[in-house]
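**Q** Let me give you the structure first, and then I'll get to my questions.
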Amino acid sequence: MKTLLSNLLFIAFLITIPLGAQVYTVSDFEDLTLPTMSYWNGSSSPLGTNFSSDFAIYPNYYDTAWGGYWSSGWAYSNMTDSSTSGFSNMYAVKALTGYNGTRNYGVGQNGSIIHLDSIAIGQSVEGIYVCNGTYAFNSMRDGDNIAKKFGGLTGNDPDWFKLSISGWYNGNPVNDTIDFMLADFTFSDSTQDYIVDEWSFVHLGIMGAIDSLKFELSSSDVGAYGMNTPAFFCIDNFMMKGALTETDDITTRNNISLFPNPASDYVQLTHSEEYTIEAYRIFNSKGQLIEFIEKPLKHQRININDLPKGLYTLHLETNKGYETKSFIKN
């Protein structure tokens with residue numbers, strides 16, 4: 001059964017867990033450079049790429065069709081516009097700034113995935129801060145030419161907007177999905193209805209060991225073509241408990257090569273004598289396991305001719321630890 005994080009449970013959790021007393025490693029987007037009041041959406045690296053902040057890898061896909069648009073995955077931003085409604089303001093967070101007044105934050109679409117870097121694979125995450133984007137918030141508050149005003153004309157419609165976060169390890173889901181209500185109008189007392197407009201912490205510790213997270217959105221407002229509510233949300237301060245230190249897992253980065261990239265027919269792995277690749281797994285941009293191979297050859301040539309075009313993540317298991325690499329099939 002899925003775990004539902006209601007507002008009351010969330011408040012109780014914050015009271016009982018002293019976040020400030022712990023040591024955390026945080027992916028907070030502050031190590032990414034942006035001009036003031038701007039965003040990065042992948043247009044400078046179209047047709048599949050990713051960016052990293054500390055231990056987390058964020059896939060992005062910018063499609064060049066129809067003049068170009070951010071198609072899937074993650075963007076990052078420091079936009080501070082909480083008033084302008086509509087699609088043109090899709091990169092702004094309703095809370096105005098990043099968590100705790102910082103500049104940068106992440107913007108995700110439905111189905112977005114975060115991969116853990118090699119140093120963090122197999123460890124437990126602590127949690128993540130989430131908030132509505134201005135685009136989704138204002139749409140739910142006021143309605144627009146596609147989506148309804150939450151609560152309807154009377155304010156009594158039982159509307160909701162939900163973020164579901166699932167953990168994955170070696171291509172398999174771990175534990176329950178964690179649900180967080182970005183808006184909830186299902187209370188019998190309508191004065192309790194809310195749309196989240198500030199950074200809220202979602203605890204993910206129950207997931208245990210993971211290598212990736214998947215974020216999915218759903219809404220009570222659904223039409224003939226799917227969800228009407230704008231399928232965007234914002235994140236910041238993705239946290240792992242404890243201090244991550246560089247080990248042999250990190251040294252593999254300079255000893256395992258993948259080429260060519262981008263590629264059409266194959267990618268090839270090479271590595272030094274001291275490393276042995278025990279297994280590799282290929283995941284598509286949706287986090288689905290595409291291929292699993294144990295005991296590959298030292299100079300393994302991986303056939304990707306039959307793969308659809310897009311961004312893929314290669315998880316390598318070696319005698320020195322884990323390594324994560326990405327490649328583009330063109």
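Identifiers for the structure tokens are assigned positionally: chains receive A, B, ... in sequence, residues are indexed from 1 per chain, and ligands are indexed from 1 in the order shown.
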Identify, on the basis of only C-alpha atoms, every residue whose closest approach to Ser45 (chain A) does not exceed 10 Å; exclude the query and any residue fewer than 4 positions from it along the same chain; express the result as an mmCIF file with N, CA and C atoms, in the first residue's frame.

**A**
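Writing the result to selection_25.cif gives the following:
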```
data_model
loop_
_atom_site.group_PDB
_atom_site.id
_atom_site.type_symbol
_atom_site.label_atom_id
_atom_site.label_comp_id
_atom_site.auth_asym_id
_atom_site.auth_seq_id
_atom_site.Cartn_x
_atom_site.Cartn_y
_atom_site.Cartn_z
ATOM 1 N N ASN A 41 17.520 24.994 -19.541
ATOM 2 C CA ASN A 41 16.537 23.958 -19.884
ATOM 3 C C ASN A 41 17.053 22.955 -20.902
ATOM 4 N N THR A 49 20.931 15.167 -22.600
ATOM 5 C CA THR A 49 22.139 15.424 -21.827
ATOM 6 C C THR A 49 21.780 15.242 -20.359
ATOM 7 N N ASN A 50 22.698 15.570 -19.468
ATOM 8 C CA ASN A 50 22.380 15.613 -18.052
ATOM 9 C C ASN A 50 23.282 16.627 -17.383
ATOM 10 N N ASN A 60 18.178 15.391 -18.793
ATOM 11 C CA ASN A 60 17.407 16.442 -19.455
ATOM 12 C C ASN A 60 17.272 16.081 -20.933
ATOM 13 N N TYR A 61 16.128 16.408 -21.505
ATOM 14 C CA TYR A 61 15.957 16.212 -22.937
ATOM 15 C C TYR A 61 15.285 17.452 -23.520
ATOM 16 N N TYR A 62 15.999 18.117 -24.425
ATOM 17 C CA TYR A 62 15.462 19.283 -25.127
ATOM 18 C C TYR A 62 15.257 18.889 -26.581
ATOM 19 N N ASP A 63 14.008 18.922 -27.013
ATOM 20 C CA ASP A 63 13.647 18.507 -28.369
ATOM 21 C C ASP A 63 13.784 19.690 -29.327
#
```

**Q** Pull the strand (DSSP E or B) assignments for region 97-292 of chain A out of DSSP run on the backbone, and list those residues as a compact mmCIF listing (two decimals) with N, CA and C atoms, in the first residue's frame.

**A**
```txt
# COMPACT_ATOMS: atom_id res chain seq x y z
N TYR A 105 17.36 26.36 -7.81
CA TYR A 105 16.52 25.21 -7.49
C TYR A 105 16.27 24.44 -8.78
N GLY A 106 15.76 23.23 -8.63
CA GLY A 106 15.47 22.39 -9.78
C GLY A 106 14.00 22.45 -10.17
N VAL A 107 13.73 22.27 -11.45
CA VAL A 107 12.36 22.20 -11.97
C VAL A 107 12.20 20.88 -12.70
N GLY A 108 11.18 20.12 -12.33
CA GLY A 108 10.98 18.80 -12.91
C GLY A 108 9.65 18.67 -13.62
N GLN A 109 9.61 17.74 -14.57
CA GLN A 109 8.38 17.38 -15.24
C GLN A 109 7.92 16.01 -14.76
N SER A 112 10.17 12.57 -14.27
CA SER A 112 11.59 12.89 -14.14
C SER A 112 12.29 11.91 -13.20
N ILE A 113 13.58 11.66 -13.47
CA ILE A 113 14.38 10.69 -12.71
C ILE A 113 15.66 11.35 -12.24
N ILE A 114 16.07 11.04 -11.02
CA ILE A 114 17.38 11.43 -10.51
C ILE A 114 18.20 10.15 -10.35
N HIS A 115 19.41 10.13 -10.90
CA HIS A 115 20.34 9.03 -10.68
C HIS A 115 21.37 9.44 -9.64
N LEU A 116 21.75 8.53 -8.78
CA LEU A 116 22.82 8.79 -7.83
C LEU A 116 24.16 8.58 -8.51
N SER A 124 21.46 5.27 1.47
CA SER A 124 20.10 5.72 1.75
C SER A 124 20.01 7.24 1.66
N VAL A 125 18.96 7.72 1.04
CA VAL A 125 18.73 9.16 1.00
C VAL A 125 17.93 9.56 2.24
N GLU A 126 18.02 10.83 2.59
CA GLU A 126 17.27 11.35 3.73
C GLU A 126 15.96 11.98 3.30
N GLY A 127 16.00 12.86 2.30
CA GLY A 127 14.77 13.49 1.86
C GLY A 127 15.04 14.60 0.88
N ILE A 128 13.98 15.33 0.52
CA ILE A 128 14.07 16.38 -0.49
C ILE A 128 13.00 17.42 -0.21
N TYR A 129 13.30 18.66 -0.52
CA TYR A 129 12.32 19.74 -0.40
C TYR A 129 11.60 19.91 -1.73
N VAL A 130 10.28 20.08 -1.67
CA VAL A 130 9.47 20.25 -2.89
C VAL A 130 8.56 21.45 -2.74
N CYS A 131 8.15 22.00 -3.86
CA CYS A 131 7.21 23.12 -3.89
C CYS A 131 6.55 23.16 -5.25
N GLY A 133 5.53 24.92 -8.70
CA GLY A 133 5.96 26.00 -9.56
C GLY A 133 4.84 27.01 -9.69
N TRP A 160 -7.31 17.49 -6.23
CA TRP A 160 -6.00 17.20 -5.64
C TRP A 160 -4.93 17.14 -6.73
N PHE A 161 -3.69 17.40 -6.30
CA PHE A 161 -2.52 17.33 -7.18
C PHE A 161 -1.43 16.64 -6.37
N LYS A 162 -0.93 15.52 -6.87
CA LYS A 162 -0.08 14.65 -6.05
C LYS A 162 1.25 14.37 -6.73
N LEU A 163 2.32 14.42 -5.93
CA LEU A 163 3.65 14.01 -6.36
C LEU A 163 3.96 12.66 -5.72
N SER A 164 4.28 11.66 -6.55
CA SER A 164 4.62 10.32 -6.08
C SER A 164 6.09 10.06 -6.37
N ILE A 165 6.84 9.69 -5.33
CA ILE A 165 8.28 9.46 -5.45
C ILE A 165 8.58 8.00 -5.17
N SER A 166 9.24 7.35 -6.11
CA SER A 166 9.59 5.94 -5.94
C SER A 166 11.10 5.77 -6.03
N GLY A 167 11.63 4.86 -5.20
CA GLY A 167 13.04 4.55 -5.22
C GLY A 167 13.31 3.29 -6.02
N TRP A 168 14.47 3.24 -6.69
CA TRP A 168 14.83 2.10 -7.53
C TRP A 168 16.26 1.68 -7.23
N TYR A 169 16.50 0.39 -7.34
CA TYR A 169 17.85 -0.15 -7.18
C TYR A 169 18.02 -1.34 -8.11
N ASN A 172 14.91 -2.37 -10.03
CA ASN A 172 13.74 -2.84 -9.29
C ASN A 172 13.27 -1.78 -8.30
N PRO A 173 11.95 -1.62 -8.13
CA PRO A 173 11.44 -0.66 -7.14
C PRO A 173 11.73 -1.14 -5.72
N VAL A 174 11.96 -0.20 -4.82
CA VAL A 174 12.23 -0.54 -3.43
C VAL A 174 11.15 0.04 -2.54
N ASN A 175 10.64 -0.77 -1.61
CA ASN A 175 9.64 -0.33 -0.63
C ASN A 175 8.45 0.35 -1.29
N ASP A 176 7.73 1.16 -0.51
CA ASP A 176 6.52 1.80 -1.00
C ASP A 176 6.83 3.12 -1.70
N THR A 177 5.93 3.50 -2.59
CA THR A 177 5.98 4.84 -3.16
C THR A 177 5.55 5.84 -2.10
N ILE A 178 6.21 6.98 -2.06
CA ILE A 178 5.88 8.03 -1.10
C ILE A 178 5.12 9.13 -1.84
N ASP A 179 3.93 9.43 -1.35
CA ASP A 179 3.07 10.42 -1.97
C ASP A 179 3.08 11.72 -1.16
N PHE A 180 3.19 12.82 -1.86
CA PHE A 180 3.10 14.14 -1.21
C PHE A 180 2.07 14.97 -1.97
N MET A 181 1.12 15.55 -1.23
CA MET A 181 0.05 16.30 -1.85
C MET A 181 0.50 17.73 -2.10
N LEU A 182 0.67 18.08 -3.38
CA LEU A 182 1.00 19.45 -3.75
C LEU A 182 -0.22 20.36 -3.67
N ALA A 183 -1.39 19.77 -3.68
CA ALA A 183 -2.64 20.49 -3.43
C ALA A 183 -3.67 19.48 -2.96
N ASP A 184 -4.52 19.87 -2.03
CA ASP A 184 -5.52 18.94 -1.50
C ASP A 184 -6.79 19.70 -1.13
N TYR A 194 -5.76 23.36 0.59
CA TYR A 194 -4.52 24.10 0.39
C TYR A 194 -3.87 23.76 -0.95
N ILE A 195 -3.05 24.70 -1.40
CA ILE A 195 -2.11 24.50 -2.51
C ILE A 195 -0.74 24.89 -1.97
N SER A 200 8.57 22.39 1.25
CA SER A 200 8.10 21.38 2.19
C SER A 200 9.00 20.15 2.10
N PHE A 201 9.39 19.61 3.24
CA PHE A 201 10.32 18.48 3.26
C PHE A 201 9.58 17.15 3.14
N VAL A 202 10.04 16.31 2.24
CA VAL A 202 9.49 14.96 2.08
C VAL A 202 10.57 13.97 2.51
N HIS A 203 10.28 13.21 3.55
CA HIS A 203 11.24 12.25 4.10
C HIS A 203 11.25 10.99 3.24
N ALA A 209 18.44 1.39 0.52
CA ALA A 209 19.46 1.55 -0.52
C ALA A 209 18.81 1.75 -1.88
N SER A 212 18.45 5.33 -7.80
CA SER A 212 17.73 6.36 -8.53
C SER A 212 16.36 6.62 -7.90
N LEU A 213 15.80 7.77 -8.21
CA LEU A 213 14.46 8.15 -7.78
C LEU A 213 13.65 8.54 -9.00
N LYS A 214 12.37 8.23 -8.96
CA LYS A 214 11.47 8.63 -10.05
C LYS A 214 10.32 9.45 -9.47
N PHE A 215 9.96 10.54 -10.17
CA PHE A 215 8.95 11.48 -9.70
C PHE A 215 7.79 11.50 -10.69
N GLU A 216 6.60 11.18 -10.19
CA GLU A 216 5.42 11.13 -11.06
C GLU A 216 4.31 11.99 -10.48
N LEU A 217 3.61 12.69 -11.36
CA LEU A 217 2.53 13.59 -10.97
C LEU A 217 1.18 13.03 -11.40
N SER A 218 0.17 13.29 -10.59
CA SER A 218 -1.20 12.92 -10.94
C SER A 218 -2.13 13.97 -10.37
N SER A 219 -3.34 14.05 -10.95
CA SER A 219 -4.29 15.09 -10.57
C SER A 219 -5.71 14.59 -10.71
N VAL A 222 -8.56 15.66 -14.98
CA VAL A 222 -8.10 14.88 -16.13
C VAL A 222 -9.08 15.08 -17.30
N GLY A 223 -8.53 15.25 -18.49
CA GLY A 223 -9.35 15.42 -19.67
C GLY A 223 -9.11 14.33 -20.68
N GLY A 226 -5.41 13.46 -21.06
CA GLY A 226 -4.62 13.22 -19.86
C GLY A 226 -4.82 14.31 -18.83
N MET A 227 -3.83 14.48 -17.97
CA MET A 227 -3.93 15.44 -16.87
C MET A 227 -3.95 16.87 -17.39
N PHE A 232 4.31 20.17 -13.72
CA PHE A 232 5.61 20.68 -13.34
C PHE A 232 5.66 20.87 -11.83
N PHE A 233 6.85 20.76 -11.26
CA PHE A 233 7.05 20.96 -9.82
C PHE A 233 8.50 21.36 -9.61
N CYS A 234 8.83 21.79 -8.40
CA CYS A 234 10.18 22.25 -8.10
C CYS A 234 10.77 21.48 -6.93
N ILE A 235 12.11 21.32 -6.93
CA ILE A 235 12.80 20.64 -5.85
C ILE A 235 14.02 21.45 -5.43
N ASP A 236 14.49 21.17 -4.22
CA ASP A 236 15.74 21.75 -3.74
C ASP A 236 16.26 20.92 -2.58
N ASN A 237 17.54 21.07 -2.29
CA ASN A 237 18.19 20.42 -1.15
C ASN A 237 17.85 18.93 -1.04
N PHE A 238 18.22 18.18 -2.06
CA PHE A 238 18.13 16.72 -2.04
C PHE A 238 19.24 16.22 -1.11
N MET A 239 18.88 15.52 -0.04
CA MET A 239 19.78 15.27 1.07
C MET A 239 20.07 13.80 1.29
N MET A 240 21.34 13.50 1.58
CA MET A 240 21.76 12.18 2.05
C MET A 240 22.39 12.35 3.42
N LYS A 241 22.07 11.44 4.31
CA LYS A 241 22.60 11.53 5.67
C LYS A 241 24.07 11.13 5.68
N ILE A 256 37.83 4.13 -16.76
CA ILE A 256 36.84 3.51 -17.62
C ILE A 256 36.38 4.55 -18.64
N SER A 257 36.46 4.21 -19.90
CA SER A 257 36.07 5.13 -20.96
C SER A 257 34.92 4.55 -21.76
N LEU A 258 34.06 5.42 -22.24
CA LEU A 258 32.94 5.03 -23.09
C LEU A 258 32.98 5.92 -24.34
N PHE A 259 33.00 5.31 -25.50
CA PHE A 259 33.06 6.07 -26.76
C PHE A 259 32.48 5.21 -27.89
N ALA A 263 26.34 8.26 -30.19
CA ALA A 263 26.62 7.09 -31.03
C ALA A 263 25.35 6.61 -31.70
N TYR A 266 26.95 1.57 -31.81
CA TYR A 266 27.53 0.92 -30.63
C TYR A 266 28.26 1.95 -29.78
N VAL A 267 28.45 1.59 -28.49
CA VAL A 267 29.39 2.29 -27.63
C VAL A 267 30.36 1.24 -27.10
N GLN A 268 31.58 1.65 -26.85
CA GLN A 268 32.61 0.70 -26.43
C GLN A 268 33.18 1.10 -25.08
N LEU A 269 33.39 0.11 -24.22
CA LEU A 269 33.99 0.32 -22.91
C LEU A 269 35.45 -0.12 -22.94
N THR A 270 36.32 0.69 -22.40
CA THR A 270 37.70 0.28 -22.19
C THR A 270 38.11 0.69 -20.78
N HIS A 271 39.05 -0.05 -20.20
CA HIS A 271 39.51 0.26 -18.85
C HIS A 271 40.89 -0.35 -18.63
N ILE A 277 35.05 -5.26 -14.95
CA ILE A 277 33.62 -4.95 -14.95
C ILE A 277 32.84 -6.23 -14.71
N GLU A 278 32.15 -6.27 -13.57
CA GLU A 278 31.39 -7.46 -13.19
C GLU A 278 30.05 -7.53 -13.92
N ALA A 279 29.45 -6.36 -14.14
CA ALA A 279 28.14 -6.33 -14.80
C ALA A 279 27.85 -4.91 -15.23
N TYR A 280 26.96 -4.77 -16.20
CA TYR A 280 26.46 -3.44 -16.52
C TYR A 280 24.97 -3.50 -16.80
N ARG A 281 24.33 -2.35 -16.56
CA ARG A 281 22.90 -2.21 -16.80
C ARG A 281 22.67 -0.93 -17.57
N ILE A 282 21.78 -0.97 -18.54
CA ILE A 282 21.42 0.22 -19.31
C ILE A 282 19.99 0.60 -18.97
N PHE A 283 19.80 1.89 -18.61
CA PHE A 283 18.47 2.41 -18.29
C PHE A 283 18.13 3.50 -19.29
N LEU A 289 14.85 -0.52 -17.06
CA LEU A 289 16.02 -1.33 -17.36
C LEU A 289 15.88 -1.89 -18.78
N ILE A 290 16.86 -1.57 -19.64
CA ILE A 290 16.83 -1.99 -21.04
C ILE A 290 17.67 -3.24 -21.25
N GLU A 291 18.81 -3.33 -20.59
CA GLU A 291 19.71 -4.45 -20.82
C GLU A 291 20.54 -4.71 -19.56
N PHE A 292 20.77 -5.98 -19.25
CA PHE A 292 21.61 -6.37 -18.13
C PHE A 292 22.57 -7.46 -18.61
```

**Q** Using DSSP secondary structure from the backbone, list all alpha helix (DSSP H) positions within region 81-266 of chain A, as a list in words.

**A**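 Those in region 81-266 of chain A that DSSP calls alpha helix (DSSP H) are Thr134, Tyr135, Ala136, Phe137, Asn138, Ser139, Met140, Arg141, Asp142, Asp248, Asp249, Ile250 and Thr251 of chain A.
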
**Q** Take the residues just selected and output them with N, CA and C atoms as a tab-separated table (two decimals), in the first residue's frame.

**A**
```tsv
chain	number	residue	atom	x	y	z
A	134	THR	N	5.19	28.23	-10.06
A	134	THR	CA	4.18	29.28	-10.22
A	134	THR	C	3.15	28.90	-11.27
A	135	TYR	N	3.60	28.27	-12.35
A	135	TYR	CA	2.69	27.88	-13.44
A	135	TYR	C	1.59	26.96	-12.92
A	136	ALA	N	1.96	25.90	-12.22
A	136	ALA	CA	0.96	24.96	-11.71
A	136	ALA	C	0.13	25.59	-10.60
A	137	PHE	N	0.77	26.32	-9.69
A	137	PHE	CA	0.04	26.91	-8.56
A	137	PHE	C	-1.05	27.86	-9.07
A	138	ASN	N	-0.68	28.81	-9.94
A	138	ASN	CA	-1.66	29.79	-10.40
A	138	ASN	C	-2.77	29.14	-11.22
A	139	SER	N	-2.42	28.07	-11.95
A	139	SER	CA	-3.44	27.35	-12.71
A	139	SER	C	-4.46	26.72	-11.78
A	140	MET	N	-3.98	26.08	-10.70
A	140	MET	CA	-4.91	25.46	-9.75
A	140	MET	C	-5.71	26.51	-8.98
A	141	ARG	N	-5.09	27.62	-8.67
A	141	ARG	CA	-5.77	28.68	-7.91
A	141	ARG	C	-6.86	29.38	-8.74
A	142	ASP	N	-6.56	29.64	-10.03
A	142	ASP	CA	-7.45	30.47	-10.84
A	142	ASP	C	-8.14	29.73	-11.97
A	248	ASP	N	37.44	4.32	-3.80
A	248	ASP	CA	37.83	3.71	-5.07
A	248	ASP	C	36.75	3.86	-6.12
A	249	ASP	N	35.47	4.02	-5.66
A	249	ASP	CA	34.40	4.20	-6.63
A	249	ASP	C	34.67	5.39	-7.52
A	250	ILE	N	35.21	6.47	-6.95
A	250	ILE	CA	35.46	7.68	-7.70
A	250	ILE	C	36.64	7.51	-8.64
A	251	THR	N	37.67	6.78	-8.22
A	251	THR	CA	38.86	6.66	-9.06
A	251	THR	C	38.57	5.93	-10.36
```

**Q** Please measure the separation of CA of Pro262 (chain A) and CA of Ile328 (chain A), giving the value in Å to one decimal.

**A** 4.7 Å

**Q** If I take CA of Phe55 (chain A) and CA of Trp199 (chain A), how far is one from the other in Å, to one decimal?

**A**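 Separation between CA of Phe55 (chain A) and CA of Trp199 (chain A): 21.2 Å.
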
**Q** Would you please work out which residue, of A:Ser83, A:Ser88, A:Asn284, A:Asn104, is nearest to Thr33 (chain A) when using only C-alpha atoms?

**A** A:Asn104

**Q** Neighbours of Met37 (chain A) within 9 Å (only C-alpha atoms; same-chain residues fewer than 4 positions away dropped), as number ranges by chain?

**A** A: 77-81

**Q** Mind giving me the straight-line distance from CA of Tyr76 (chain A) to CA of Leu32 (chain A) in Å, one decimal?

**A**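 Atom-to-atom, CA of Tyr76 (chain A) and CA of Leu32 (chain A) are spaced 8.5 Å apart.
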
**Q** Have a look at A:Gly208, A:Gly171, A:Gly143, A:Gly151 and name the one nearest to Thr229 (chain A); count only C-alpha atoms.

**A** A:Gly143
